[in-house]
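Working notes for the structure below.
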Amino acid sequence: MGFLTEVPPKGLWVDDMEYPIHADFRAVLKYNEMIDVDSQRPEYIQECLQCVYKTLPENLDEAIQQLNWFVSCGKVDVRKRPANKILGINSNTPFDFGVDGELIYSAFRRRDVYGIDLHAIKYLHWWEFMAMLNDIPDNTQLSRVMEYRVIDTTSNHLSKEQKNYYQAMQRYYKIRMAPDKQDEELVKALKEGRDPLLLLSR
C-alpha cells in the first residue's frame with residue numbers, strides 16, 4: 001500500500017478475516033514493552049497480542065506475523081543496505097523507546113518540530129508516529145544522542161580528540177539495563193563537569 005494514497009490500516013487480516021486493532025502508537029509501545037519481558041506463562045503471548053488486537057484471532061501464528069508486519073509499518077526492505085563502514089556507523093542500537101522516552105517526548109513537543117504533546121493527544125496512528133519520529137531534525141537532543149551511539153569511533157576521519165569525545169559519549173548514553181561501577185563513575189563525572197576521559201584511560 002502507498003503511505004500517501006491509502007489510509008494506514010486499523011485492522012489486520014488473519015485467515016481471510018479482518019480483525020480490528022488498537023492502531024494508536026501507545027498500544028504498540030505497550031506491546032513492545034510486554035514482549036521484552038521474559039515470561040513462561042502459557043497465556044502470556046495472548047496477553048501481548050491483546051495490546052493491539054481488539055479481538056484475538058484463533059490462528060496465533062498468523063496473528064503474530066501480521067502484527068510484525070504492522071509494527072514494521074508494512075515495510076519489506078528488499079534494498080541492500082550500504083556497509084556500516086561506508087555509512088560511518090557501528091552496530092549499536094541507536095535508540096530505545098523506554099530509555100529515550102523523555103527525549104522522544106521533548107522532540108515532538110518542541111514548537112519548531114511538531115508542537116505535539118504526546119501525553120495530551122488522543123490518537124496518533126503508529127505508522128504516522130513512526131514517520132514523524134524518523135524525520136526528527138538533527139538539532140534535537142534525541143538526534144544528537146543517536147549520533148553519539150552509532151558513530152564509528154574507529155574511523156580515520158576522526159581526530160584523536162573526536163574519538164575520545166565520542167567514546168565518552170557512547171559510554172554515557174549506552175543503552176543498558178543496569179550500569180556497572182565504572183559506568184556509574186562516568187555518569188557522575190559528566191554530571192559534575194569533570195573530565196570523563198580520565199576514567200576511560202584507566
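Quick note on naming: the chains in the C-alpha cells go A, B, ... in the order shown, residues restart at 1 in each chain, and ligands are numbered from 1 in order of appearance.
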As a CSV table (one decimal) with C-alpha atoms, in the first residue's frame, please: every residue in chain A that DSSP puts in helix (DSSP H, G or I).
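Contents of states-v6.csv, freshly written:
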```
chain,number,residue,atom,x,y,z
A,25,PHE,CA,1.2,4.4,18.9
A,26,ARG,CA,0.7,3.8,22.7
A,27,ALA,CA,-0.8,0.4,22.1
A,28,VAL,CA,2.2,-0.7,20.0
A,29,LEU,CA,4.6,0.7,22.6
A,30,LYS,CA,2.8,-1.2,25.3
A,31,TYR,CA,3.1,-4.3,23.1
A,32,ASN,CA,6.8,-3.8,22.7
A,33,GLU,CA,7.2,-3.3,26.4
A,34,MET,CA,5.4,-6.6,27.2
A,35,ILE,CA,7.3,-8.7,24.6
A,44,TYR,CA,1.4,-14.5,28.1
A,45,ILE,CA,1.5,-14.5,24.2
A,46,GLN,CA,-2.2,-13.9,24.1
A,47,GLU,CA,-1.9,-11.0,26.6
A,48,CYS,CA,0.8,-9.4,24.5
A,49,LEU,CA,-1.3,-9.7,21.3
A,60,LEU,CA,-1.9,-17.1,16.8
A,61,ASP,CA,1.0,-17.8,14.4
A,62,GLU,CA,-0.6,-15.8,11.6
A,63,ALA,CA,-1.7,-13.1,14.1
A,64,ILE,CA,1.9,-12.7,15.1
A,65,GLN,CA,3.1,-12.5,11.5
A,66,GLN,CA,0.5,-9.8,10.7
A,67,LEU,CA,1.3,-7.9,13.8
A,68,ASN,CA,5.0,-7.9,13.0
A,69,TRP,CA,4.1,-6.5,9.5
A,70,PHE,CA,2.1,-3.8,11.2
A,71,VAL,CA,4.8,-2.9,13.7
A,84,ASN,CA,28.3,0.3,8.2
A,85,LYS,CA,31.9,1.3,7.4
A,86,ILE,CA,30.7,3.2,4.4
A,87,LEU,CA,28.0,4.9,6.5
A,101,GLY,CA,11.1,8.2,26.1
A,102,GLU,CA,11.8,11.7,27.5
A,103,LEU,CA,13.9,12.7,24.5
A,104,ILE,CA,11.2,11.5,22.1
A,105,TYR,CA,8.5,13.4,24.0
A,106,SER,CA,10.6,16.5,24.1
A,107,ALA,CA,11.4,16.4,20.4
A,108,PHE,CA,7.7,16.1,19.5
A,109,ARG,CA,6.8,18.9,22.0
A,126,TRP,CA,1.5,4.0,14.9
A,127,TRP,CA,2.6,4.5,11.2
A,128,GLU,CA,2.2,8.2,11.4
A,129,PHE,CA,4.1,8.4,14.7
A,130,MET,CA,7.0,6.4,13.2
A,131,ALA,CA,7.0,8.6,10.1
A,132,MET,CA,7.3,11.7,12.3
A,133,LEU,CA,9.9,10.1,14.6
A,141,GLN,CA,18.9,16.1,21.7
A,142,LEU,CA,17.4,12.8,20.5
A,143,SER,CA,19.2,13.0,17.2
A,144,ARG,CA,22.5,14.0,18.9
A,145,VAL,CA,22.2,11.1,21.3
A,146,MET,CA,21.5,8.7,18.5
A,147,GLU,CA,24.6,10.0,16.6
A,148,TYR,CA,26.7,9.5,19.7
A,149,ARG,CA,25.7,5.9,20.0
A,150,VAL,CA,26.2,4.8,16.4
A,160,LYS,CA,42.1,11.7,18.4
A,161,GLU,CA,40.2,14.3,20.4
A,162,GLN,CA,37.0,13.5,18.5
A,163,LYS,CA,37.4,9.8,19.0
A,164,ASN,CA,37.9,10.3,22.7
A,165,TYR,CA,34.9,12.5,22.9
A,166,TYR,CA,32.6,10.2,21.1
A,167,GLN,CA,33.8,7.2,23.1
A,168,ALA,CA,33.0,9.0,26.3
A,169,MET,CA,29.5,9.9,24.9
A,170,GLN,CA,28.9,6.4,23.8
A,171,ARG,CA,29.6,5.1,27.3
A,172,TYR,CA,27.4,7.8,28.8
A,181,LYS,CA,30.6,0.6,38.6
A,182,GLN,CA,32.8,2.3,36.1
A,183,ASP,CA,29.7,3.4,34.1
A,184,GLU,CA,28.3,4.9,37.3
A,185,GLU,CA,31.5,6.8,37.9
A,186,LEU,CA,31.5,8.1,34.3
A,187,VAL,CA,27.9,9.4,34.7
A,188,LYS,CA,28.8,11.1,38.0
A,189,ALA,CA,31.9,12.7,36.4
A,190,LEU,CA,29.9,14.1,33.5
A,191,LYS,CA,27.2,15.4,35.8
A,197,LEU,CA,38.3,10.7,29.6
A,198,LEU,CA,40.4,10.2,32.7
A,199,LEU,CA,38.1,7.3,33.7
A,200,LEU,CA,38.3,5.7,30.2
```
*Atomic distance atom CA of Cys73 of chain A - atom CA of Glu6 of chain A, expressed in Å with one decimal*: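 Distance reported for this atom pair: 13.0 Å.
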What is the distance, in Å and to one decimal place, between atom CA of His125 of chain A and atom CA of Pro8 of chain A?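 One can read the atom CA of His125 of chain A to atom CA of Pro8 of chain A distance as 7.6 Å.
Counting only C-alpha atoms, the residue from A:Val99, A:Val113, A:Val37, A:Val14 that sits nearest to Tyr173 of chain A is A:Val99.
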In terms of only C-alpha atoms, the residue from A:Gly11, A:Pro94, A:Pro42, A:Gly74 at minimal distance from Leu56 of chain A is A:Gly11
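If you measure from each of A:Pro137, A:Asn59, A:Phe3, A:Asp24 to Tyr123 of chain A using only C-alpha atoms, the closest one turns out to be A:Asp24.
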